[in-house]
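Structure data (mmCIF, C-alpha atoms and all ligand atoms) from input38.cif:
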```cif
data_data
loop_
_atom_site.label_atom_id
_atom_site.label_comp_id
_atom_site.auth_asym_id
_atom_site.auth_seq_id
_atom_site.Cartn_x
_atom_site.Cartn_y
_atom_site.Cartn_z
CA MET A 115 135.14 49.74 47.91
CA ILE A 116 136.86 53.12 47.65
CA ASN A 117 135.61 55.68 50.12
CA SER A 118 136.29 59.38 50.25
CA ILE A 119 137.89 60.82 53.39
CA LYS A 120 135.41 61.73 56.15
CA THR A 121 136.38 64.34 58.71
CA ILE A 122 135.69 63.17 62.24
CA LYS A 123 136.21 64.66 65.69
CA ILE A 124 138.17 62.68 68.29
CA LYS A 125 135.75 61.81 71.11
CA SER A 126 138.09 60.16 73.59
CA ILE A 127 141.74 59.24 74.04
CA VAL A 128 142.83 56.57 76.52
CA ASP A 129 146.37 55.62 77.57
CA GLU A 130 146.26 51.83 77.21
CA CYS A 131 149.85 51.33 78.41
CA SER A 132 153.17 53.22 78.28
CA ASP A 133 153.37 53.30 74.47
CA ILE A 134 149.85 52.68 73.13
CA LYS A 135 146.82 55.03 73.08
CA SER A 136 143.23 54.33 72.02
CA PHE A 137 141.27 56.90 70.04
CA SER A 138 137.51 56.75 69.57
CA PHE A 139 135.21 58.76 67.36
CA GLU A 140 131.56 59.02 66.44
CA ILE A 141 130.51 58.05 62.92
CA PRO A 142 128.94 61.03 61.18
CA LYS A 143 125.14 60.56 61.03
CA ASN A 144 123.67 59.39 57.69
CA ASN A 145 127.10 58.33 56.42
CA LYS A 146 126.37 55.55 53.92
CA ASP A 147 129.92 54.12 53.70
CA MET A 148 130.28 53.87 57.45
CA SER A 149 126.72 52.88 58.33
CA ILE A 150 127.67 49.19 58.24
CA GLU A 151 129.31 47.91 61.42
CA PRO A 152 133.01 47.17 60.76
CA LYS A 153 134.16 43.59 61.36
CA PRO A 154 137.11 42.52 63.56
CA GLY A 155 140.28 42.45 61.43
CA GLN A 156 139.23 45.30 59.13
CA PHE A 157 141.18 48.55 59.11
CA ILE A 158 140.75 52.24 58.36
CA MET A 159 143.10 54.75 56.77
CA VAL A 160 143.67 57.56 59.27
CA TRP A 161 144.74 60.93 57.86
CA VAL A 162 146.45 63.48 60.07
CA PRO A 163 146.11 66.79 58.19
CA GLY A 164 149.45 68.10 56.98
CA VAL A 165 151.32 64.95 58.03
CA ASP A 166 150.38 61.61 56.41
CA GLU A 167 147.77 58.88 56.15
CA VAL A 168 148.34 55.48 57.83
CA PRO A 169 146.44 52.17 58.18
CA MET A 170 145.05 51.34 61.64
CA SER A 171 143.05 48.27 62.72
CA ILE A 172 139.63 48.87 64.18
CA SER A 173 139.83 47.91 67.85
CA ASP A 174 136.18 48.36 68.78
CA CYS A 175 132.74 49.43 67.66
CA ASN A 176 130.57 50.07 70.70
CA ASP A 177 126.79 50.00 71.28
CA MET A 178 126.54 53.70 70.41
CA GLY A 179 128.26 53.02 67.09
CA ASP A 180 131.53 54.76 68.05
CA TRP A 181 134.63 53.23 66.44
CA SER A 182 138.08 52.97 68.06
CA PHE A 183 141.66 52.31 67.02
CA MET A 184 144.89 51.87 69.03
CA VAL A 185 148.11 53.62 68.10
CA LYS A 186 151.71 52.87 68.92
CA SER A 187 154.00 55.81 68.28
CA VAL A 188 156.74 54.64 65.88
CA GLY A 189 157.29 57.53 63.43
CA GLU A 190 156.09 60.84 62.03
CA CYS A 191 152.36 60.18 61.61
CA THR A 192 151.84 58.07 64.73
CA ASN A 193 153.79 60.70 66.76
CA ALA A 194 151.45 63.36 65.35
CA LEU A 195 148.45 61.23 66.39
CA PHE A 196 149.93 60.93 69.90
CA ASN A 197 150.00 64.75 70.15
CA LEU A 198 146.30 65.19 69.26
CA LYS A 199 143.66 66.10 71.85
CA VAL A 200 139.98 65.28 72.33
CA GLY A 201 138.01 67.54 69.96
CA ASP A 202 140.74 67.64 67.29
CA PHE A 203 139.80 66.64 63.73
CA ILE A 204 141.29 63.86 61.62
CA GLY A 205 140.26 62.14 58.37
CA ILE A 206 139.09 58.55 58.07
CA ARG A 207 138.55 56.23 55.07
CA GLY A 208 137.22 52.69 55.22
CA PRO A 209 136.54 50.17 56.64
CA TYR A 210 138.79 48.16 54.33
CA GLY A 211 139.97 44.60 53.93
CA THR A 212 138.99 41.11 54.93
CA PHE A 213 138.08 40.16 58.48
CA PHE A 214 138.44 37.24 60.88
CA SER A 215 135.84 34.58 60.06
CA LEU A 216 133.92 33.36 63.07
CA PRO A 217 134.53 29.69 63.88
CA SER A 218 132.37 27.01 62.25
CA LYS A 219 129.89 25.05 64.41
CA ASN A 220 132.31 22.22 65.34
CA ILE A 221 134.78 24.66 66.95
CA GLU A 222 134.54 24.74 70.75
CA LYS A 223 137.36 27.10 71.67
CA ALA A 224 139.16 30.05 70.05
CA PHE A 225 142.73 31.01 70.91
CA LEU A 226 143.71 34.64 70.21
CA VAL A 227 147.47 35.20 70.25
CA GLY A 228 148.73 38.79 70.02
CA GLY A 229 151.34 41.31 70.96
CA GLY A 230 151.77 45.10 70.73
CA THR A 231 149.09 46.81 68.65
CA GLY A 232 148.23 43.37 67.27
CA ILE A 233 145.98 43.18 70.30
CA ALA A 234 143.77 45.93 68.74
CA PRO A 235 141.80 43.75 66.26
CA LEU A 236 141.95 40.77 68.66
CA ASN A 237 140.23 42.79 71.41
CA TYR A 238 137.36 43.52 69.05
CA LEU A 239 137.29 39.88 67.90
CA ALA A 240 137.20 38.68 71.54
CA LYS A 241 134.17 40.88 72.16
CA VAL A 242 132.33 39.45 69.13
CA LEU A 243 133.27 35.84 70.00
CA THR A 244 131.95 36.40 73.52
CA GLN A 245 128.68 37.75 72.10
CA HIS A 246 128.43 34.44 70.21
CA GLU A 247 129.21 32.59 73.47
CA ILE A 248 132.35 30.98 72.03
CA LYS A 249 134.93 30.06 74.68
CA THR A 250 137.98 32.25 74.13
CA VAL A 251 141.53 32.17 75.45
CA ILE A 252 143.54 35.35 74.79
CA ILE A 253 147.34 35.09 75.02
CA GLU A 254 148.83 38.57 75.11
CA GLY A 255 152.57 39.15 75.05
CA ALA A 256 154.74 42.24 75.59
CA LYS A 257 158.40 42.97 76.24
CA VAL A 258 157.81 44.33 79.75
CA VAL A 259 154.81 44.96 82.01
CA ASP A 260 154.62 48.67 81.01
CA ASN A 261 153.85 47.63 77.41
CA LEU A 262 150.96 45.31 78.34
CA ILE A 263 147.37 46.33 77.73
CA ILE A 264 145.42 44.99 80.68
CA ASN A 265 141.86 44.15 79.65
CA ASP A 266 139.44 44.12 82.60
CA ASN A 267 136.33 44.18 80.42
CA ILE A 268 136.21 40.56 79.32
CA ASN A 269 133.38 38.25 80.31
CA LYS A 270 135.32 35.96 82.65
CA GLU A 271 132.70 33.19 82.39
CA ILE A 272 133.49 32.70 78.70
CA SER A 273 136.95 34.22 78.23
CA GLU A 274 140.32 33.91 79.85
CA ILE A 275 143.45 36.04 79.36
CA ILE A 276 146.98 34.75 79.81
CA TYR A 277 149.52 37.56 79.97
CA CYS A 278 153.21 37.01 79.28
CA THR A 279 156.25 39.26 79.22
CA ASP A 280 159.69 38.61 77.74
CA ASP A 281 161.36 39.48 81.06
CA GLY A 282 158.74 37.91 83.35
CA SER A 283 157.82 41.29 84.89
CA TYR A 284 154.10 40.31 84.61
CA GLY A 285 152.32 37.02 83.92
CA GLN A 286 154.27 34.12 82.44
CA LYS A 287 157.89 34.66 81.41
CA GLY A 288 158.54 34.23 77.67
CA PHE A 289 157.09 34.97 74.26
CA ALA A 290 153.37 34.70 73.46
CA SER A 291 154.18 31.94 70.93
CA GLU A 292 155.93 29.88 73.64
CA THR A 293 153.01 30.29 76.03
CA PHE A 294 150.65 29.27 73.21
CA GLU A 295 152.75 26.15 72.52
CA ASN A 296 152.69 25.15 76.20
CA VAL A 297 148.94 25.62 76.45
CA ILE A 298 148.16 23.82 73.20
CA ASN A 299 150.40 20.86 74.13
CA GLU A 300 147.96 20.12 76.93
CA GLU A 301 145.05 19.63 74.51
CA SER A 302 144.23 16.10 73.28
CA ASN A 303 144.32 15.31 69.53
CA GLU A 304 140.54 15.08 69.57
CA ARG A 305 140.22 18.57 71.10
CA LEU A 306 142.74 20.10 68.66
CA LYS A 307 140.17 19.51 65.88
CA LYS A 308 137.75 21.75 67.78
CA ILE A 309 140.11 24.73 68.14
CA GLU A 310 140.58 27.79 65.91
CA VAL A 311 143.57 30.12 66.32
CA TYR A 312 143.62 33.84 65.47
CA THR A 313 146.76 35.95 65.59
CA CYS A 314 147.96 39.51 65.03
CA GLY A 315 151.21 41.18 66.08
CA PRO A 316 154.92 40.91 65.29
CA GLU A 317 155.22 38.71 62.21
CA LYS A 318 157.89 36.44 63.70
CA MET A 319 155.47 35.64 66.53
CA MET A 320 152.64 34.99 64.07
CA TYR A 321 154.88 32.75 61.96
CA LYS A 322 155.87 30.67 64.99
CA VAL A 323 152.20 30.25 65.96
CA PHE A 324 151.44 29.31 62.32
CA GLN A 325 154.15 26.60 62.37
CA ILE A 326 152.72 25.13 65.59
CA CYS A 327 149.22 25.11 64.06
CA GLU A 328 150.51 23.50 60.86
CA GLN A 329 152.23 20.77 62.82
CA LYS A 330 149.14 20.10 64.92
CA LYS A 331 146.67 20.64 62.04
CA ILE A 332 144.82 23.44 63.82
CA GLN A 333 142.67 25.94 61.91
CA PHE A 334 144.44 29.29 61.77
CA GLN A 335 143.93 32.92 60.64
CA ALA A 336 146.48 35.76 60.79
CA SER A 337 146.26 39.49 60.16
CA LEU A 338 149.34 40.78 58.29
CA GLU A 339 150.85 44.27 58.12
CA ARG A 340 152.54 45.56 54.99
CA MET A 341 153.48 49.05 53.83
CA MET A 342 150.37 50.67 52.41
CA ARG A 343 149.80 53.79 50.37
CA CYS A 344 146.26 53.68 48.95
CA GLY A 345 144.83 51.02 51.32
CA CYS A 346 142.23 50.01 48.75
CA GLY A 347 143.87 47.98 45.96
CA LEU A 348 145.08 50.73 43.63
CA CYS A 349 148.85 51.21 44.09
CA GLY A 350 150.15 47.63 44.41
CA LEU A 351 152.60 48.49 47.22
CA CYS A 352 151.25 45.83 49.59
CA ALA A 353 151.47 42.88 47.12
CA VAL A 354 152.87 39.63 48.55
CA ASP A 355 155.25 37.25 46.72
CA PRO A 356 154.68 35.27 44.58
CA THR A 357 150.88 35.38 44.56
CA GLY A 358 150.49 39.14 44.00
CA LEU A 359 147.69 39.13 46.57
CA LEU A 360 147.15 42.60 48.04
CA VAL A 361 147.25 42.80 51.83
CA CYS A 362 144.89 45.80 51.79
CA LYS A 363 142.24 44.13 49.62
CA ASP A 364 142.72 40.34 49.73
CA GLY A 365 143.84 40.66 53.39
CA PRO A 366 144.88 41.77 55.93
CA VAL A 367 143.36 38.56 57.34
CA PHE A 368 144.51 35.35 55.59
CA ASP A 369 143.90 31.68 56.36
CA SER A 370 146.51 28.88 56.44
CA LYS A 371 145.86 27.80 52.85
CA THR A 372 146.81 31.26 51.51
CA LEU A 373 149.66 31.79 53.99
CA ARG A 374 151.30 28.52 52.85
CA GLU A 375 151.63 30.02 49.36
CA MET A 376 153.31 33.25 50.56
CA GLU A 377 157.10 33.41 50.23
CA ASP A 378 157.42 36.50 52.40
CA PHE A 379 155.26 35.45 55.39
CA GLY A 380 157.56 35.33 58.44
CA LYS A 381 160.63 36.23 56.36
CA TYR A 382 160.55 39.71 54.84
CA LYS A 383 158.55 42.87 54.12
CA ARG A 384 159.10 45.66 51.61
CA ASP A 385 159.75 49.33 52.29
CA MET A 386 158.07 52.26 50.51
CA THR A 387 160.42 51.79 47.52
CA GLY A 388 159.63 48.07 47.25
CA LYS A 389 163.05 46.98 48.63
CA LYS A 390 163.01 43.74 50.68
CA ILE A 391 163.62 44.09 54.43
CA SER A 392 164.29 40.96 56.51
CA LEU A 393 162.07 40.58 59.54
C1 LIG B 401 146.45 46.61 58.03
C2 LIG B 401 147.32 47.36 59.01
C3 LIG B 401 146.83 47.60 60.28
C4 LIG B 401 147.61 48.31 61.20
N1 LIG B 401 147.09 48.53 62.44
C5 LIG B 401 147.79 49.26 63.32
C6 LIG B 401 147.22 49.55 64.60
O1 LIG B 401 146.11 49.12 64.95
N2 LIG B 401 147.96 50.33 65.44
C7 LIG B 401 149.22 50.81 65.09
O2 LIG B 401 149.82 51.53 65.89
N3 LIG B 401 149.76 50.52 63.90
C8 LIG B 401 149.09 49.77 63.00
N4 LIG B 401 149.63 49.51 61.77
C9 LIG B 401 150.99 50.00 61.48
C10 LIG B 401 150.92 51.49 61.18
O3 LIG B 401 150.20 51.71 60.01
C11 LIG B 401 152.36 52.05 61.06
O4 LIG B 401 152.98 51.98 62.32
C12 LIG B 401 152.32 53.49 60.60
O5 LIG B 401 151.96 53.52 59.24
C13 LIG B 401 153.69 54.15 60.80
O6 LIG B 401 153.62 55.46 60.28
P1 LIG B 401 154.58 56.59 60.84
O7 LIG B 401 154.53 57.77 59.92
O8 LIG B 401 154.28 56.90 62.26
O9 LIG B 401 156.01 55.93 60.85
P2 LIG B 401 157.10 55.86 59.68
O10 LIG B 401 158.15 56.84 60.02
O11 LIG B 401 156.47 55.93 58.33
O12 LIG B 401 157.62 54.37 59.89
C14 LIG B 401 158.01 53.86 61.15
C15 LIG B 401 157.99 52.34 61.09
O13 LIG B 401 156.66 51.84 60.80
C16 LIG B 401 156.67 50.98 59.65
N5 LIG B 401 155.57 51.39 58.76
C17 LIG B 401 155.48 52.60 58.17
N6 LIG B 401 154.37 52.69 57.43
C18 LIG B 401 153.74 51.50 57.54
C19 LIG B 401 152.54 50.98 56.98
N7 LIG B 401 151.77 51.72 56.19
N8 LIG B 401 152.18 49.73 57.29
C20 LIG B 401 152.97 48.99 58.09
N9 LIG B 401 154.11 49.43 58.67
C21 LIG B 401 154.50 50.66 58.38
C22 LIG B 401 158.00 51.21 58.97
O14 LIG B 401 158.52 49.95 58.54
C23 LIG B 401 158.90 51.77 60.03
O15 LIG B 401 159.64 50.75 60.65
C24 LIG B 401 148.89 48.79 60.84
C25 LIG B 401 149.38 48.54 59.55
C26 LIG B 401 148.61 47.82 58.66
C27 LIG B 401 149.13 47.56 57.29
S1 LIG B 402 148.19 49.73 49.65
FE1 LIG B 402 147.84 50.21 47.57
S2 LIG B 402 147.31 48.27 46.73
FE2 LIG B 402 147.46 47.86 48.84
#
```
Kindly return the structure encoded in the file as structure tokens.
Amino acid sequence: MINSIKTIKIKSIVDECSDIKSFSFEIPKNNKDMSIEPKPGQFIMVWVPGVDEVPMSISDCNDMGDWSFMVKSVGECTNALFNLKVGDFIGIRGPYGTFFSLPSKNIEKAFLVGGGTGIAPLNYLAKVLTQHEIKTVIIEGAKVVDNLIINDNINKEISEIIYCTDDGSYGQKGFASETFENVINEESNERLKKIEVYTCGPEKMMYKVFQICEQKKIQFQASLERMMRCGCGLCGLCAVDPTGLLVCKDGPVFDSKTLREMEDFGKYKRDMTGKKISL
């Protein structure tokens, strides 16, 4: 699906933590492309006029149909987004890409492991899993407490959040992947068959979680980030080795079977010129 850019007005901006902001906007009425509810894991291309266009995961779609995304300021376009105010206009295309599949009937518990802006699609996924009454454990990691997004909106009867920081300034001390390993080691072999793991965040973290899931034969889905230009399967910039799968069209969410075939998963990305960059 290739959509044209829609101009939208920013409805709200929330400081989620020291370096991440959430932006929400109303979908223009009678917009055919955007009339379908986006699914957790899908992304939009966000255009800041006069600056650039960048991919952003959808972090929520609320009861009023407003969509949200979370931004970490890392360069020119995300800095420009950080400087915008409520009422400013930006352009949106999408939603694009694959999405997290909901667990099959035999699954009793979902583990969501994320860090940084990787928590954006996982937040939305957690909300949908809760609506389906699927028990959910979210493991959220950050370097220090100031970088953690504290989520007070979860349904505590169904969901649980375990926070961890690299320096131990909040929650458990250590990486999200280590906390995940500790938690999963407490599950019996029989229960491991009834678990599905979803992850998004720094690729080294996702790769570690993938290795644990491979070893323990746990069902697994990850959302990858690659450099994108078109976001919709035209330019080839986001192709992964050696399969040629496009992260924008065949992903960003991939299951274990596809990830096993990827040479670059957990090892390298490519820059805008196609040059390999080690992770
Ligand atoms: C499917 C997908 C979903 C994403 N979701 C989010 C999100 O929810 N929130 C968020 O803050 N960021 C998200 N990103 C990353 C975001 O797109 C980049 O941070 C952004 O493009 C950087 O643009 P810039 O001009 O600010 O920085 P630049 O100056 O262009 O680059 C700064 C750094 O960001 C990396 N980067 C640049 N462009 C991209 C790109 N198109 N894709 C991936 N990395 C890039 C570069 O390697 C560089 O290290 C997502 C990326 C993808 C592919
Ligand atoms: S970004 Fe152009 S093909 Fe994926």
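Here the question is which of A:Glu130, A:Glu300, A:Glu167, A:Glu375 gets nearest to Ile233 in chain A using all atoms listed in the file, and that residue is A:Glu130.
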Chain A near ligand LIG 402 (chain B) within 7 Å: what's each residue's closest atom pair and its distance in Å to one decimal, counting only C-alpha atoms and all ligand atoms, ordered by chain then ascending residue number, as JSON lines?
```
{"residue": "A:Met341", "atom": "CA", "partner": "B:LIG402", "partner_atom": "S1", "distance": 6.8}
{"residue": "A:Met342", "atom": "CA", "partner": "B:LIG402", "partner_atom": "S1", "distance": 3.6}
{"residue": "A:Arg343", "atom": "CA", "partner": "B:LIG402", "partner_atom": "S1", "distance": 4.4}
{"residue": "A:Cys344", "atom": "CA", "partner": "B:LIG402", "partner_atom": "FE1", "distance": 4.1}
{"residue": "A:Gly345", "atom": "CA", "partner": "B:LIG402", "partner_atom": "S1", "distance": 4.0}
{"residue": "A:Cys346", "atom": "CA", "partner": "B:LIG402", "partner_atom": "FE2", "distance": 5.7}
{"residue": "A:Gly347", "atom": "CA", "partner": "B:LIG402", "partner_atom": "S2", "distance": 3.5}
{"residue": "A:Leu348", "atom": "CA", "partner": "B:LIG402", "partner_atom": "S2", "distance": 4.5}
{"residue": "A:Cys349", "atom": "CA", "partner": "B:LIG402", "partner_atom": "FE1", "distance": 3.8}
{"residue": "A:Gly350", "atom": "CA", "partner": "B:LIG402", "partner_atom": "S2", "distance": 3.7}
{"residue": "A:Leu351", "atom": "CA", "partner": "B:LIG402", "partner_atom": "FE1", "distance": 5.1}
{"residue": "A:Cys352", "atom": "CA", "partner": "B:LIG402", "partner_atom": "FE2", "distance": 4.4}
{"residue": "A:Ala353", "atom": "CA", "partner": "B:LIG402", "partner_atom": "FE2", "distance": 6.6}
{"residue": "A:Leu360", "atom": "CA", "partner": "B:LIG402", "partner_atom": "FE2", "distance": 5.3}
{"residue": "A:Val361", "atom": "CA", "partner": "B:LIG402", "partner_atom": "FE2", "distance": 5.9}
{"residue": "A:Cys362", "atom": "CA", "partner": "B:LIG402", "partner_atom": "FE2", "distance": 4.4}
{"residue": "A:Lys363", "atom": "CA", "partner": "B:LIG402", "partner_atom": "FE2", "distance": 6.5}
```
Using only C-alpha atoms, I'd like a table of the residues in range 170-263 of chain A that come within 12 Å of range 267-282 of chain A; for each, show the closest atom pair and its distance in Å rounded to one decimal, ordered by chain and ascending number, as JSON lines.
```
{"residue": "A:Glu222", "atom": "CA", "partner": "A:Ile272", "partner_atom": "CA", "distance": 11.3}
{"residue": "A:Lys223", "atom": "CA", "partner": "A:Ser273", "partner_atom": "CA", "distance": 9.7}
{"residue": "A:Ala224", "atom": "CA", "partner": "A:Ser273", "partner_atom": "CA", "distance": 9.4}
{"residue": "A:Phe225", "atom": "CA", "partner": "A:Glu274", "partner_atom": "CA", "distance": 9.7}
{"residue": "A:Leu226", "atom": "CA", "partner": "A:Ile275", "partner_atom": "CA", "distance": 9.3}
{"residue": "A:Val227", "atom": "CA", "partner": "A:Ile276", "partner_atom": "CA", "distance": 9.6}
{"residue": "A:Gly228", "atom": "CA", "partner": "A:Tyr277", "partner_atom": "CA", "distance": 10.1}
{"residue": "A:Gly229", "atom": "CA", "partner": "A:Cys278", "partner_atom": "CA", "distance": 9.6}
{"residue": "A:Gly230", "atom": "CA", "partner": "A:Thr279", "partner_atom": "CA", "distance": 11.2}
{"residue": "A:Ile233", "atom": "CA", "partner": "A:Tyr277", "partner_atom": "CA", "distance": 11.7}
{"residue": "A:Leu236", "atom": "CA", "partner": "A:Ile275", "partner_atom": "CA", "distance": 11.8}
{"residue": "A:Asn237", "atom": "CA", "partner": "A:Ile268", "partner_atom": "CA", "distance": 9.1}
{"residue": "A:Tyr238", "atom": "CA", "partner": "A:Ile268", "partner_atom": "CA", "distance": 10.7}
{"residue": "A:Leu239", "atom": "CA", "partner": "A:Ile268", "partner_atom": "CA", "distance": 11.5}
{"residue": "A:Ala240", "atom": "CA", "partner": "A:Ser273", "partner_atom": "CA", "distance": 8.0}
{"residue": "A:Lys241", "atom": "CA", "partner": "A:Ile268", "partner_atom": "CA", "distance": 7.5}
{"residue": "A:Val242", "atom": "CA", "partner": "A:Ile268", "partner_atom": "CA", "distance": 11.0}
{"residue": "A:Leu243", "atom": "CA", "partner": "A:Ser273", "partner_atom": "CA", "distance": 9.2}
{"residue": "A:Thr244", "atom": "CA", "partner": "A:Ile272", "partner_atom": "CA", "distance": 6.5}
{"residue": "A:Gln245", "atom": "CA", "partner": "A:Asn269", "partner_atom": "CA", "distance": 9.5}
{"residue": "A:His246", "atom": "CA", "partner": "A:Ile272", "partner_atom": "CA", "distance": 10.0}
{"residue": "A:Glu247", "atom": "CA", "partner": "A:Ile272", "partner_atom": "CA", "distance": 6.8}
{"residue": "A:Ile248", "atom": "CA", "partner": "A:Ile272", "partner_atom": "CA", "distance": 7.0}
{"residue": "A:Lys249", "atom": "CA", "partner": "A:Ile272", "partner_atom": "CA", "distance": 5.0}
{"residue": "A:Thr250", "atom": "CA", "partner": "A:Ser273", "partner_atom": "CA", "distance": 4.7}
{"residue": "A:Val251", "atom": "CA", "partner": "A:Glu274", "partner_atom": "CA", "distance": 4.9}
{"residue": "A:Ile252", "atom": "CA", "partner": "A:Ile275", "partner_atom": "CA", "distance": 4.6}
{"residue": "A:Ile253", "atom": "CA", "partner": "A:Ile276", "partner_atom": "CA", "distance": 4.8}
{"residue": "A:Glu254", "atom": "CA", "partner": "A:Tyr277", "partner_atom": "CA", "distance": 5.0}
{"residue": "A:Gly255", "atom": "CA", "partner": "A:Cys278", "partner_atom": "CA", "distance": 4.8}
{"residue": "A:Ala256", "atom": "CA", "partner": "A:Thr279", "partner_atom": "CA", "distance": 4.9}
{"residue": "A:Lys257", "atom": "CA", "partner": "A:Asp280", "partner_atom": "CA", "distance": 4.8}
{"residue": "A:Val258", "atom": "CA", "partner": "A:Thr279", "partner_atom": "CA", "distance": 5.3}
{"residue": "A:Val259", "atom": "CA", "partner": "A:Thr279", "partner_atom": "CA", "distance": 6.5}
{"residue": "A:Asp260", "atom": "CA", "partner": "A:Thr279", "partner_atom": "CA", "distance": 9.7}
{"residue": "A:Asn261", "atom": "CA", "partner": "A:Thr279", "partner_atom": "CA", "distance": 8.9}
{"residue": "A:Leu262", "atom": "CA", "partner": "A:Tyr277", "partner_atom": "CA", "distance": 8.0}
{"residue": "A:Ile263", "atom": "CA", "partner": "A:Tyr277", "partner_atom": "CA", "distance": 9.3}
```
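Minimum atom-to-atom distance to Ala234 in chain A, evaluated using all atoms listed in the file, belongs to A:Ser337 out of A:Ser337, A:Ser215, A:Ser149, A:Thr121.
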Q: Could the residues that lie within 6 Å of ligand LIG 401 (chain B), counting all atoms listed in the file, be listed as a PyMOL selection string?
A: chain A and resi 157+168-171+183-186+188-193+231+234+339-342+366
Q.
Calculated over all atoms listed in the file, which of the candidates A:Ser138, A:Ser187, A:Ser182, A:Asn296 has the smallest distance to Val200 in chain A?
A. A:Ser138
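CA of Lys143 in chain A to CA of Lys199 in chain A spans 22.2 Å [interatomic distance, one decimal].
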Q | Distance query range 325-330 of chain A at most 9 Å, only C-alpha atoms, self and fewer than 6 positions along chain excluded, as a ChimeraX atom specification | A | /A:291,294-295,298,303,306,311,370
Q) Which of these residues is nearest to Lys308 in chain A, using only C-alpha atoms: A:Ile127, A:Ile158, A:Ile221, A:Ala336? A) A:Ile221
Q: Would you mind listing what lies within 12 Å of Tyr321 in chain A as number ranges by chain, with only C-alpha atoms counted and same-chain residues fewer than 2 positions away left out?
A: A: 227-228, 290-291, 312-319, 323-328, 334-338, 370, 373-374, 376-382, 393
Go ahead and dump the residues you just picked, C-alpha atoms, as a tab-separated table (two decimals), in the coordinates of the input.
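For reference, out.tsv as written:
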```tsv
chain	number	residue	atom	x	y	z
A	227	VAL	CA	147.47	35.20	70.25
A	228	GLY	CA	148.73	38.79	70.02
A	290	ALA	CA	153.37	34.70	73.46
A	291	SER	CA	154.18	31.94	70.93
A	312	TYR	CA	143.62	33.84	65.47
A	313	THR	CA	146.76	35.95	65.59
A	314	CYS	CA	147.96	39.51	65.03
A	315	GLY	CA	151.21	41.18	66.08
A	316	PRO	CA	154.92	40.91	65.29
A	317	GLU	CA	155.22	38.71	62.21
A	318	LYS	CA	157.89	36.44	63.70
A	319	MET	CA	155.47	35.64	66.53
A	323	VAL	CA	152.20	30.25	65.96
A	324	PHE	CA	151.44	29.31	62.32
A	325	GLN	CA	154.15	26.60	62.37
A	326	ILE	CA	152.72	25.13	65.59
A	327	CYS	CA	149.22	25.11	64.06
A	328	GLU	CA	150.51	23.50	60.86
A	334	PHE	CA	144.44	29.29	61.77
A	335	GLN	CA	143.93	32.92	60.64
A	336	ALA	CA	146.48	35.76	60.79
A	337	SER	CA	146.26	39.49	60.16
A	338	LEU	CA	149.34	40.78	58.29
A	370	SER	CA	146.51	28.88	56.44
A	373	LEU	CA	149.66	31.79	53.99
A	374	ARG	CA	151.30	28.52	52.85
A	376	MET	CA	153.31	33.25	50.56
A	377	GLU	CA	157.10	33.41	50.23
A	378	ASP	CA	157.42	36.50	52.40
A	379	PHE	CA	155.26	35.45	55.39
A	380	GLY	CA	157.56	35.33	58.44
A	381	LYS	CA	160.63	36.23	56.36
A	382	TYR	CA	160.55	39.71	54.84
A	393	LEU	CA	162.07	40.58	59.54
```
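Taking CA of Gly155 in chain A and CA of Gly211 in chain A as endpoints, the distance between them is 7.8 Å.
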Produce the centre coordinates and the three edge lengths, each in Å to one decimal, of the box along x, y and z that contains all listed atoms of range 219-222 of chain A with 4 Å added on each side, as AutoDock Vina command-line options.
```
--center_x 132.3 --center_y 23.6 --center_z 67.6 --size_x 12.9 --size_y 10.8 --size_z 14.3
```
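In this comparison, which uses all atoms listed in the file, the residue of A:Thr372, A:Ser118, A:Val297, A:Ile264 approaching Tyr284 in chain A most closely is A:Ile264.
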**Q.** From A:Met386, A:Leu359, A:Ile141, A:Ile332, residue lying nearest Arg305 in chain A [all atoms listed in the file]
**A.** A:Ile332
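Across the model, the gap from CA of Gln156 in chain A to CA of Ile122 in chain A is 18.5 Å.
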